[in-house]
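Asks: Contents are mmCIF, C-alpha atoms; file name work_38.cif:
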data_entry
#
loop_
_atom_site.label_atom_id
_atom_site.label_comp_id
_atom_site.auth_asym_id
_atom_site.auth_seq_id
_atom_site.Cartn_x
_atom_site.Cartn_y
_atom_site.Cartn_z
CA MET A 1 60.52 65.33 -60.58
CA GLU A 2 63.26 63.41 -62.29
CA GLY A 3 66.75 64.17 -61.03
CA VAL A 4 69.86 64.73 -63.10
CA ILE A 5 73.39 63.37 -62.77
CA PRO A 6 75.70 66.00 -64.30
CA LYS A 7 78.87 64.67 -65.92
CA THR A 8 80.98 67.75 -65.26
CA LEU A 9 81.05 70.66 -62.86
CA ASN A 10 80.30 73.05 -65.73
CA GLU A 11 77.22 71.08 -66.67
CA ALA A 12 76.10 71.17 -63.04
CA LEU A 13 76.53 74.96 -62.90
CA SER A 14 74.66 75.55 -66.13
CA LEU A 15 71.79 73.37 -64.91
CA MET A 16 71.74 75.27 -61.62
CA ALA A 17 71.49 78.53 -63.59
CA SER A 18 68.68 77.22 -65.80
CA LYS A 19 66.09 76.37 -63.17
CA ASN A 20 65.64 75.56 -59.55
CA TYR A 21 67.47 72.31 -58.71
CA ILE A 22 68.21 70.93 -55.27
CA PRO A 23 71.89 70.03 -55.08
CA VAL A 24 72.25 66.64 -53.37
CA ALA A 25 75.59 65.20 -52.25
CA GLY A 26 75.68 62.23 -49.86
CA GLY A 27 71.93 62.25 -49.27
CA THR A 28 72.15 61.50 -45.54
CA ASP A 29 69.90 64.44 -44.61
CA LEU A 30 67.84 64.99 -47.76
CA MET A 31 66.93 61.36 -48.49
CA VAL A 32 65.40 61.19 -45.02
CA ARG A 33 63.75 64.61 -45.17
CA TYR A 34 61.91 63.77 -48.40
CA LYS A 35 61.37 60.05 -47.92
CA ARG A 36 57.99 58.42 -48.37
CA TRP A 37 56.80 54.84 -48.00
CA LYS A 38 59.17 52.08 -48.95
CA ASN A 39 59.70 51.55 -52.64
CA LEU A 40 58.46 55.05 -53.42
CA THR A 41 61.00 57.57 -54.67
CA PRO A 42 61.60 60.34 -52.13
CA SER A 43 59.62 63.41 -53.12
CA PHE A 44 62.04 66.26 -53.59
CA PRO A 45 60.24 69.62 -53.87
CA ALA A 46 62.39 70.44 -56.94
CA ALA A 47 64.46 68.19 -59.19
CA PRO A 48 67.54 66.90 -57.40
CA LEU A 49 70.96 67.43 -58.96
CA PHE A 50 73.34 64.68 -57.86
CA ILE A 51 76.78 66.23 -57.45
CA ALA A 52 78.45 63.85 -54.98
CA ASN A 53 80.72 62.19 -57.49
CA LEU A 54 82.01 65.22 -59.40
CA PRO A 55 85.78 64.97 -58.91
CA GLU A 56 86.11 68.78 -58.73
CA LEU A 57 84.01 68.71 -55.57
CA ARG A 58 86.04 66.14 -53.68
CA GLY A 59 89.37 66.22 -51.90
CA ILE A 60 91.46 68.03 -49.33
CA TYR A 61 94.21 70.37 -50.52
CA ARG A 62 96.69 72.90 -49.24
CA GLU A 63 97.00 76.22 -51.01
CA ASP A 64 99.66 78.51 -49.51
CA ASP A 65 98.75 78.72 -45.84
CA GLU A 66 95.14 77.68 -46.37
CA LEU A 67 93.52 74.29 -46.12
CA ILE A 68 90.75 73.59 -48.60
CA ILE A 69 88.09 70.94 -48.16
CA LYS A 70 85.97 70.47 -51.26
CA ALA A 71 82.26 70.47 -50.44
CA ALA A 72 81.39 66.88 -51.38
CA THR A 73 84.30 65.35 -49.47
CA PRO A 74 82.87 62.60 -47.23
CA LEU A 75 83.27 63.07 -43.49
CA SER A 76 85.30 59.88 -43.18
CA ASP A 77 87.96 61.32 -45.53
CA ILE A 78 88.22 64.37 -43.27
CA GLU A 79 88.44 62.19 -40.18
CA GLY A 80 91.36 60.30 -41.66
CA HIS A 81 93.36 63.19 -43.15
CA SER A 82 96.56 64.26 -41.41
CA ASP A 83 96.30 67.97 -42.32
CA ILE A 84 92.93 68.51 -40.64
CA PRO A 85 93.17 70.39 -37.30
CA VAL A 86 92.29 68.10 -34.39
CA VAL A 87 89.43 70.27 -33.20
CA LEU A 88 87.60 69.60 -36.48
CA LYS A 89 88.76 66.00 -36.77
CA GLU A 90 87.46 65.21 -33.29
CA ALA A 91 84.06 66.72 -34.11
CA VAL A 92 83.79 64.69 -37.32
CA ARG A 93 84.91 61.49 -35.62
CA LEU A 94 82.03 61.78 -33.16
CA MET A 95 79.36 62.40 -35.80
CA ALA A 96 76.70 59.81 -36.64
CA SER A 97 78.17 56.36 -37.42
CA PRO A 98 80.80 55.00 -39.85
CA GLY A 99 78.22 54.21 -42.55
CA ILE A 100 76.90 57.76 -42.48
CA ARG A 101 80.33 59.40 -42.30
CA ASN A 102 81.31 57.42 -45.40
CA ILE A 103 78.77 59.32 -47.51
CA GLY A 104 77.74 62.42 -45.54
CA THR A 105 79.73 65.46 -46.68
CA ILE A 106 81.10 68.58 -45.04
CA GLY A 107 79.30 70.80 -47.57
CA GLY A 108 76.05 69.07 -46.68
CA ASN A 109 76.53 69.55 -42.95
CA VAL A 110 77.35 73.23 -43.43
CA GLY A 111 74.56 73.80 -45.96
CA ASN A 112 72.02 72.09 -43.75
CA ALA A 113 72.65 74.96 -41.31
CA SER A 114 71.27 73.03 -38.38
CA PRO A 115 71.89 74.76 -35.04
CA ALA A 116 73.15 71.32 -33.96
CA GLY A 117 75.37 70.80 -37.03
CA ASP A 118 78.50 69.28 -35.56
CA THR A 119 81.07 70.66 -38.02
CA LEU A 120 79.90 74.23 -37.37
CA PRO A 121 81.46 75.08 -33.97
CA PRO A 122 84.93 73.88 -35.11
CA LEU A 123 84.57 75.73 -38.42
CA TYR A 124 83.55 78.87 -36.51
CA VAL A 125 86.67 78.72 -34.33
CA LEU A 126 88.80 78.07 -37.40
CA ASP A 127 87.39 81.25 -39.02
CA ALA A 128 86.38 79.16 -42.02
CA ASN A 129 85.15 80.62 -45.28
CA VAL A 130 82.47 79.07 -47.44
CA VAL A 131 83.06 79.38 -51.17
CA LEU A 132 79.98 79.29 -53.37
CA LEU A 133 80.20 78.73 -57.09
CA SER A 134 77.87 79.57 -59.95
CA GLU A 135 78.21 80.35 -63.64
CA LYS A 136 78.71 83.96 -62.60
CA GLY A 137 81.77 83.06 -60.56
CA LYS A 138 82.88 82.44 -57.00
CA ARG A 139 81.57 84.10 -53.89
CA THR A 140 83.44 83.74 -50.60
CA LEU A 141 81.61 84.25 -47.32
CA ARG A 142 82.71 83.99 -43.72
CA ILE A 143 80.95 80.98 -42.23
CA TYR A 144 78.93 83.16 -39.87
CA GLU A 145 77.73 85.24 -42.83
CA PHE A 146 76.72 82.06 -44.66
CA ILE A 147 74.69 80.54 -41.81
CA LYS A 148 71.50 82.56 -41.51
CA GLY A 149 69.51 80.62 -38.93
CA PRO A 150 68.02 77.17 -38.39
CA GLY A 151 68.02 75.48 -41.82
CA LYS A 152 68.74 78.77 -43.59
CA ASN A 153 71.87 79.74 -45.45
CA ASP A 154 72.96 82.41 -47.89
CA ARG A 155 73.26 80.19 -50.98
CA ARG A 156 71.58 81.65 -54.04
CA GLU A 157 69.45 79.30 -56.17
CA ASP A 158 72.04 79.16 -58.96
CA GLU A 159 74.94 78.40 -56.62
CA ILE A 160 76.44 75.25 -55.20
CA ILE A 161 78.65 75.06 -52.14
CA TYR A 162 82.09 74.61 -53.69
CA GLU A 163 84.57 74.42 -50.84
CA ILE A 164 85.32 75.24 -47.22
CA ARG A 165 88.67 76.92 -46.59
CA PHE A 166 90.54 78.25 -43.59
CA LYS A 167 94.01 79.19 -42.40
CA VAL A 168 95.27 76.50 -40.09
CA PRO A 169 95.87 78.34 -36.83
CA GLU A 170 98.68 77.62 -34.42
CA TYR A 171 97.34 76.52 -31.09
CA THR A 172 98.61 74.83 -27.97
CA HIS A 173 95.25 73.89 -26.43
CA TYR A 174 92.08 72.53 -27.91
CA PHE A 175 88.90 71.24 -26.39
CA TYR A 176 86.02 69.62 -28.19
CA ARG A 177 83.04 68.14 -26.45
CA LYS A 178 79.85 66.79 -27.88
CA VAL A 179 77.08 66.22 -25.37
CA GLY A 180 74.51 63.73 -26.65
CA THR A 181 72.31 60.92 -25.42
CA ARG A 182 74.63 58.20 -26.65
CA LYS A 183 77.88 58.03 -28.56
CA ALA A 184 76.66 56.96 -31.99
CA ASN A 185 73.97 58.58 -34.10
CA ALA A 186 72.92 61.08 -31.46
CA LEU A 187 72.09 64.63 -32.43
CA SER A 188 73.93 67.00 -30.14
CA LYS A 189 72.25 68.40 -27.07
CA LEU A 190 75.05 70.87 -27.29
CA SER A 191 78.64 70.95 -28.48
CA PHE A 192 81.70 72.97 -27.62
CA ALA A 193 84.81 73.72 -29.66
CA GLY A 194 87.70 75.78 -28.37
CA ILE A 195 91.30 76.48 -29.33
CA ALA A 196 93.89 78.60 -27.57
CA LYS A 197 97.51 79.50 -27.99
CA VAL A 198 99.52 80.01 -24.82
CA GLU A 199 103.12 81.10 -25.08
CA ASN A 200 105.39 81.96 -22.16
CA GLY A 201 102.38 82.00 -19.88
CA ILE A 202 100.50 84.51 -22.00
CA ILE A 203 97.28 83.69 -23.85
CA GLU A 204 97.93 84.83 -27.41
CA ASP A 205 94.87 83.40 -29.06
CA PHE A 206 91.56 82.21 -27.62
CA ARG A 207 88.50 81.18 -29.60
CA ILE A 208 85.41 79.26 -28.58
CA SER A 209 82.17 78.34 -30.24
CA LEU A 210 79.09 76.52 -28.96
CA GLY A 211 76.55 74.59 -30.99
CA ALA A 212 72.85 73.85 -30.40
CA VAL A 213 72.43 76.56 -27.78
CA ALA A 214 71.12 79.36 -30.03
CA PRO A 215 69.59 79.62 -33.53
CA PHE A 216 73.13 79.48 -34.91
CA PRO A 217 76.53 78.64 -33.43
CA VAL A 218 77.70 81.09 -30.79
CA ARG A 219 81.00 82.84 -31.24
CA VAL A 220 81.63 86.17 -29.55
CA ILE A 221 84.87 87.87 -30.56
CA GLU A 222 84.48 90.73 -28.03
CA ILE A 223 84.52 88.29 -25.13
CA GLU A 224 87.47 86.39 -26.58
CA ARG A 225 89.41 89.67 -26.71
CA LYS A 226 89.09 89.98 -22.94
CA VAL A 227 90.94 86.69 -22.57
CA VAL A 228 93.64 87.32 -25.16
CA GLY A 229 96.69 89.00 -23.65
CA LYS A 230 96.02 87.69 -20.14
CA LYS A 231 98.63 85.78 -18.23
CA THR A 232 97.47 82.26 -17.41
CA GLU A 233 97.80 82.98 -13.67
CA GLU A 234 95.28 85.78 -14.08
CA ILE A 235 92.62 83.22 -15.05
CA ASP A 236 91.21 82.89 -11.55
CA GLY A 237 87.75 82.14 -10.27
CA GLN A 238 86.68 85.75 -10.38
CA PHE A 239 87.84 86.25 -13.96
CA ILE A 240 86.17 83.02 -15.08
CA ASP A 241 82.91 84.10 -13.46
CA SER A 242 83.02 87.40 -15.30
CA ILE A 243 83.63 85.65 -18.64
CA LYS A 244 80.77 83.23 -17.99
CA LYS A 245 78.53 86.19 -17.20
CA ASP A 246 79.55 87.77 -20.50
CA TYR A 247 78.57 84.65 -22.42
CA GLU A 248 75.22 84.20 -20.66
CA PRO A 249 73.11 86.47 -22.90
CA TYR A 250 74.46 84.74 -26.04
CA ILE A 251 73.58 81.25 -24.85
CA ARG A 252 69.87 81.09 -25.60
CA PRO A 253 68.95 77.42 -25.87
CA ILE A 254 65.50 75.97 -26.19
CA ASP A 255 63.66 73.05 -24.59
CA ASP A 256 63.15 70.24 -27.10
CA GLN A 257 62.92 66.46 -27.20
CA ARG A 258 66.70 66.11 -26.83
CA SER A 259 67.31 68.29 -23.82
CA THR A 260 66.18 71.29 -21.81
CA ALA A 261 67.23 74.91 -22.03
CA TYR A 262 68.28 74.77 -18.37
CA TYR A 263 70.62 71.81 -18.87
CA ARG A 264 72.08 73.22 -22.07
CA LYS A 265 72.84 76.59 -20.56
CA LYS A 266 74.34 75.21 -17.37
CA THR A 267 76.50 72.71 -19.24
CA SER A 268 77.67 75.31 -21.78
CA LEU A 269 78.87 77.63 -19.06
CA ARG A 270 80.66 74.79 -17.31
CA LEU A 271 82.42 73.77 -20.50
CA ILE A 272 83.58 77.37 -20.95
CA GLU A 273 84.91 77.29 -17.39
CA SER A 274 86.56 73.95 -17.94
CA PHE A 275 88.41 75.17 -21.03
CA LEU A 276 89.56 78.37 -19.27
CA ARG A 277 90.82 76.38 -16.30
CA ALA A 278 92.85 74.11 -18.58
CA LEU A 279 94.91 77.02 -19.93
CA MET B 1 67.24 56.82 -66.16
CA LYS B 2 69.58 53.92 -66.94
CA VAL B 3 72.41 53.53 -64.47
CA ARG B 4 75.36 51.18 -64.85
CA PHE B 5 77.27 49.90 -61.86
CA LYS B 6 78.96 46.78 -60.54
CA LEU B 7 76.82 44.61 -58.30
CA ASN B 8 78.29 41.66 -56.44
CA GLY B 9 81.03 41.32 -59.04
CA GLU B 10 78.88 41.70 -62.17
CA GLU B 11 78.41 44.72 -64.41
CA VAL B 12 74.70 45.58 -64.36
CA GLU B 13 72.51 48.25 -65.88
CA VAL B 14 69.07 49.09 -64.59
CA GLU B 15 66.34 51.58 -65.29
CA ALA B 16 65.31 53.47 -62.15
CA ASN B 17 64.61 56.95 -60.89
CA PRO B 18 67.99 58.40 -59.85
CA ALA B 19 66.42 59.68 -56.63
CA SER B 20 65.29 56.17 -55.61
CA ARG B 21 66.84 54.73 -52.54
CA LEU B 22 69.57 52.21 -53.31
CA LEU B 23 67.81 49.97 -50.78
CA ASP B 24 64.63 49.81 -52.87
CA VAL B 25 66.51 49.21 -56.12
CA LEU B 26 68.48 46.33 -54.59
CA ARG B 27 65.42 44.68 -53.10
CA GLU B 28 62.86 45.31 -55.83
CA LYS B 29 64.87 45.30 -59.06
CA PHE B 30 67.44 42.68 -58.09
CA GLY B 31 65.58 40.66 -55.46
CA LEU B 32 68.42 41.09 -52.99
CA ILE B 33 66.28 40.81 -49.90
CA GLY B 34 69.15 40.13 -47.54
CA VAL B 35 69.37 43.93 -47.51
CA LYS B 36 66.80 44.77 -44.84
CA GLU B 37 64.84 47.90 -44.17
CA GLY B 38 64.68 48.68 -40.48
CA CYS B 39 64.29 52.36 -39.74
CA GLY B 40 64.71 53.90 -43.19
CA GLU B 41 66.60 56.79 -41.58
CA GLY B 42 70.18 55.55 -41.43
CA GLU B 43 70.00 54.79 -37.71
CA CYS B 44 69.78 51.00 -37.58
CA GLY B 45 72.23 49.66 -40.18
CA ALA B 46 70.02 46.74 -41.28
CA CYS B 47 70.33 47.97 -44.88
CA ALA B 48 74.14 48.27 -44.84
CA VAL B 49 76.01 47.40 -48.04
CA LEU B 50 79.53 48.09 -49.26
CA LEU B 51 80.00 50.95 -51.72
CA ASP B 52 83.51 50.78 -53.18
CA GLY B 53 84.47 48.79 -50.10
CA ARG B 54 83.03 51.22 -47.55
CA VAL B 55 80.00 50.57 -45.35
CA VAL B 56 76.98 52.69 -46.30
CA HIS B 57 73.34 52.63 -45.28
CA SER B 58 71.54 51.89 -48.53
CA CYS B 59 68.34 53.63 -47.36
CA LEU B 60 70.24 56.94 -47.49
CA VAL B 61 72.01 56.49 -50.82
CA PRO B 62 70.31 58.03 -53.83
CA PHE B 63 70.56 55.52 -56.65
CA ALA B 64 72.24 58.21 -58.79
CA ASN B 65 75.29 58.06 -56.55
CA VAL B 66 76.15 54.45 -57.41
CA MET B 67 76.72 55.20 -61.10
CA GLY B 68 80.05 53.61 -62.03
CA LYS B 69 80.59 52.35 -58.48
CA GLU B 70 80.82 48.88 -57.00
CA ILE B 71 78.17 47.60 -54.60
CA ILE B 72 78.51 44.43 -52.57
CA THR B 73 75.52 43.16 -50.63
CA ILE B 74 75.32 40.33 -48.15
CA GLU B 75 74.41 38.03 -51.08
CA GLY B 76 77.69 38.89 -52.81
CA LEU B 77 79.71 38.55 -49.67
CA ARG B 78 78.21 35.13 -49.08
CA LYS B 79 80.38 33.59 -51.78
CA THR B 80 83.59 34.47 -49.97
CA GLU B 81 85.70 32.59 -47.45
CA GLU B 82 85.68 35.69 -45.25
CA TYR B 83 81.89 35.47 -45.03
CA ARG B 84 82.04 31.81 -44.03
CA ILE B 85 84.35 32.63 -41.14
CA ILE B 86 82.21 35.53 -39.94
CA GLU B 87 79.05 33.42 -40.19
CA GLU B 88 80.48 30.50 -38.23
CA SER B 89 82.00 32.78 -35.61
CA LEU B 90 78.74 34.65 -35.06
CA LEU B 91 76.85 31.37 -34.76
CA ASP B 92 79.37 29.90 -32.32
CA ALA B 93 79.42 33.02 -30.17
CA GLY B 94 75.62 33.20 -29.99
CA SER B 95 75.64 36.57 -31.79
CA VAL B 96 72.47 35.82 -33.74
CA GLN B 97 69.02 35.69 -32.21
CA CYS B 98 66.16 36.96 -34.37
CA GLY B 99 68.65 37.62 -37.18
CA PHE B 100 67.07 40.70 -38.74
CA CYS B 101 70.07 42.90 -38.02
CA THR B 102 72.64 40.23 -38.87
CA PRO B 103 73.25 40.97 -42.59
CA GLY B 104 74.01 44.60 -41.70
CA PHE B 105 76.32 43.53 -38.89
CA VAL B 106 78.16 41.12 -41.17
CA ILE B 107 78.80 43.96 -43.64
CA SER B 108 80.20 46.19 -40.88
CA ILE B 109 82.28 43.37 -39.42
CA TYR B 110 83.71 42.47 -42.82
CA ALA B 111 84.69 46.10 -43.49
CA LEU B 112 86.27 46.33 -40.05
CA LEU B 113 88.36 43.17 -40.28
CA LYS B 114 89.52 43.98 -43.83
CA ASN B 115 90.96 47.27 -42.59
CA ASN B 116 91.92 46.22 -39.10
CA PRO B 117 92.54 42.45 -38.75
CA ASN B 118 93.16 42.69 -35.03
CA PRO B 119 90.71 45.19 -33.57
CA GLU B 120 90.49 46.18 -29.92
CA ASP B 121 87.10 46.12 -28.18
CA LYS B 122 86.81 49.87 -28.58
CA GLU B 123 87.41 49.62 -32.31
CA ILE B 124 84.85 46.84 -32.68
CA ARG B 125 82.26 48.92 -30.83
CA GLU B 126 83.02 51.90 -33.05
CA ALA B 127 82.76 49.78 -36.22
CA ILE B 128 79.34 48.41 -35.29
CA SER B 129 78.08 51.67 -33.77
CA GLY B 130 75.81 52.20 -36.78
CA ASN B 131 74.09 48.83 -36.36
CA LEU B 132 71.30 48.27 -33.89
CA CYS B 133 70.51 44.86 -32.40
CA ARG B 134 67.56 44.58 -30.04
CA CYS B 135 68.17 40.95 -29.02
CA THR B 136 71.72 40.26 -28.02
CA GLY B 137 72.86 43.25 -26.02
CA TYR B 138 75.93 43.46 -28.30
CA GLN B 139 78.46 41.67 -26.09
CA MET B 140 77.89 38.38 -27.92
CA ILE B 141 78.35 40.13 -31.25
CA ILE B 142 81.63 41.59 -30.02
CA ASP B 143 82.68 38.09 -28.92
CA GLY B 144 81.76 36.85 -32.40
CA VAL B 145 83.92 39.50 -34.06
CA LYS B 146 86.89 38.55 -31.90
CA LEU B 147 86.39 34.92 -32.80
CA ALA B 148 86.25 35.79 -36.50
CA ALA B 149 89.40 37.89 -36.17
CA LYS B 150 91.21 34.93 -34.64
CA ARG B 151 89.86 32.25 -36.94
CA GLY B 152 90.43 34.24 -40.11
CA GLU B 153 93.79 35.62 -39.07
CA LYS B 154 95.57 34.89 -42.33
CA LEU B 155 92.62 35.88 -44.50
CA TRP B 156 92.21 39.34 -42.99
CA LYS B 157 95.85 40.12 -43.37
CA ALA B 158 95.90 39.01 -47.00
#
Step by step, read the file and then write its structure as structure tokens.
Replies:
Amino acid sequence: MEGVIPKTLNEALSLMASKNYIPVAGGTDLMVRYKRWKNLTPSFPAAPLFIANLPELRGIYREDDELIIKAATPLSDIEGHSDIPVVLKEAVRLMASPGIRNIGTIGGNVGNASPAGDTLPPLYVLDANVVLLSEKGKRTLRIYEFIKGPGKNDRREDEIIYEIRFKVPEYTHYFYRKVGTRKANALSKLSFAGIAKVENGIIEDFRISLGAVAPFPVRVIEIERKVVGKKTEEIDGQFIDSIKKDYEPYIRPIDDQRSTAYYRKKTSLRLIESFLRAL
Amino acid sequence: MKVRFKLNGEEVEVEANPASRLLDVLREKFGLIGVKEGCGEGECGACAVLLDGRVVHSCLVPFANVMGKEIITIEGLRKTEEYRIIEESLLDAGSVQCGFCTPGFVISIYALLKNNPNPEDKEIREAISGNLCRCTGYQMIIDGVKLAAKRGEKLWKA
């Protein structure tokens, strides 16, 4: 199936409305998923629509108190941008390798909806929204509404992922950790993103998210609420144990070629402890 | 579909499926076989080229995405003084054994030194983290990069 290179965003949207196209940005996931033998064109199950170079889909902007990252912005642009919160920047910096970050996009990583997608835990703690665009208009979803499960998202066939946006939170502590087999090019065994705001010894904001330990990133607001409002000296061993116990049922990893469920669970709980102890 | 782009300094136009891999187009349509296929999954960096000055793995780039862009392969780089310095430095430092990965490494090293003429070890390792070499164990390549940084001092800063 011959692909199309739309010249404008409007053309892309009208094509998306006309029949089933597969939107392709950097290609770092899809070109591998559909590849065949060398010198054969990858076999996309529907015609690919190449949207990476549409200017309307690239760039990082501020709008009032929100930060907007257009969907086809390459990861390396995010890594190098001063407005991006460190917790996201750190996650992006540790993804893949320079040559992949130069073309892989944030919209692609989010849309891929991999349980191990490295931008997801930071975007979950940032309360990011995903904006979808079609000829019918924009649709804004919370990131956890958009991600439906491994490889599944809420994009309709006529929509493209337009932008990711979030309010930049104030925080005094952040912790990001990617656990993988080696530094470059490793898919995460698990990943942890956390931010917290401590003022005058009181925890005013506390958010954590874990990747690759459940069918989608883990973020549990009810548990976070137990931490918010506490004085830092109240974060003792007993309290930490109770929080870890609360998280246990939500951390449901699997055994696979990268790691074991046992290791993932144990390490996740220790990272939670480590972040709490640092407050 | 006909796609126009700049290849090693020349405007070119070629008929190819827009979903083709840039790697295949470069090798088959232009005979640029210095661009190697190793893994075909973006892991090994043997197919690295520069797209608008940035390192990319050409096995991952749909040909559609190079429309109107500039691609430089190892063959294009070869005409430059910067290449000569990298080549000599890698040879002198023993950074080349079987040589299959070398074109990809040279692309990554060139992009590094152009942006950062005086890299620390950590930065060199980061810059070549997308290139695999099964012969040298990397330390000799890192030595080669340092040698190139020193020898080409004025060039990199230009």
Asks: One number please: atom CA of A:Glu66 to atom CA of A:Phe192, in Å, one decimal.
Replies: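 So the answer is 23.5 Å.
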Asks: Identify, on the basis of only C-alpha atoms, every residue whose closest approach to A:Tyr162 does not exceed 7 Å; exclude the query and any residue fewer than 5 positions from it along the same chain; express the result as a PyMOL selection string.
Replies: chain A and resi 57+70-71+131-133
Asks: For the PyMOL selection byres ((chain B) within 10 of (chain A)), applied here, can you spell out every residue it catches as a CSV table (one decimal) with C-alpha atoms, in the coordinates of the input?
Replies:
chain,number,residue,atom,x,y,z
B,1,MET,CA,67.2,56.8,-66.2
B,16,ALA,CA,65.3,53.5,-62.2
B,17,ASN,CA,64.6,57.0,-60.9
B,18,PRO,CA,68.0,58.4,-59.8
B,19,ALA,CA,66.4,59.7,-56.6
B,20,SER,CA,65.3,56.2,-55.6
B,21,ARG,CA,66.8,54.7,-52.5
B,22,LEU,CA,69.6,52.2,-53.3
B,23,LEU,CA,67.8,50.0,-50.8
B,24,ASP,CA,64.6,49.8,-52.9
B,25,VAL,CA,66.5,49.2,-56.1
B,27,ARG,CA,65.4,44.7,-53.1
B,28,GLU,CA,62.9,45.3,-55.8
B,37,GLU,CA,64.8,47.9,-44.2
B,40,GLY,CA,64.7,53.9,-43.2
B,41,GLU,CA,66.6,56.8,-41.6
B,42,GLY,CA,70.2,55.6,-41.4
B,43,GLU,CA,70.0,54.8,-37.7
B,44,CYS,CA,69.8,51.0,-37.6
B,45,GLY,CA,72.2,49.7,-40.2
B,48,ALA,CA,74.1,48.3,-44.8
B,49,VAL,CA,76.0,47.4,-48.0
B,50,LEU,CA,79.5,48.1,-49.3
B,51,LEU,CA,80.0,51.0,-51.7
B,54,ARG,CA,83.0,51.2,-47.6
B,55,VAL,CA,80.0,50.6,-45.4
B,56,VAL,CA,77.0,52.7,-46.3
B,57,HIS,CA,73.3,52.6,-45.3
B,58,SER,CA,71.5,51.9,-48.5
B,59,CYS,CA,68.3,53.6,-47.4
B,60,LEU,CA,70.2,56.9,-47.5
B,61,VAL,CA,72.0,56.5,-50.8
B,62,PRO,CA,70.3,58.0,-53.8
B,63,PHE,CA,70.6,55.5,-56.6
B,64,ALA,CA,72.2,58.2,-58.8
B,65,ASN,CA,75.3,58.1,-56.6
B,66,VAL,CA,76.2,54.4,-57.4
B,67,MET,CA,76.7,55.2,-61.1
B,68,GLY,CA,80.0,53.6,-62.0
B,69,LYS,CA,80.6,52.4,-58.5
B,108,SER,CA,80.2,46.2,-40.9
B,125,ARG,CA,82.3,48.9,-30.8
B,126,GLU,CA,83.0,51.9,-33.0
B,127,ALA,CA,82.8,49.8,-36.2
B,128,ILE,CA,79.3,48.4,-35.3
B,129,SER,CA,78.1,51.7,-33.8
B,130,GLY,CA,75.8,52.2,-36.8
B,131,ASN,CA,74.1,48.8,-36.4
Asks: Residues within 10 Å of A:Lys19, please, as a ChimeraX atom specification. Count all atoms listed in the file; anything in the same chain fewer than 6 positions from it doesn't count.
Replies: /A:46-47,157-158
Asks: May I have the protein, DNA and RNA residues with an atom at most 6 Å from (79.7, 80.1, -26.2), counting all atoms listed in the file in the file's coordinates, returned as a list in words?
Replies: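 Taken together, the residues in range are Ser209, Leu210, Val218 and Arg219 of chain A.
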Asks: On this file, the PyMOL selection byres ((chain A and resi 167) around 10) gives some set of residues; write that set as a count of residues only.
Replies: 16
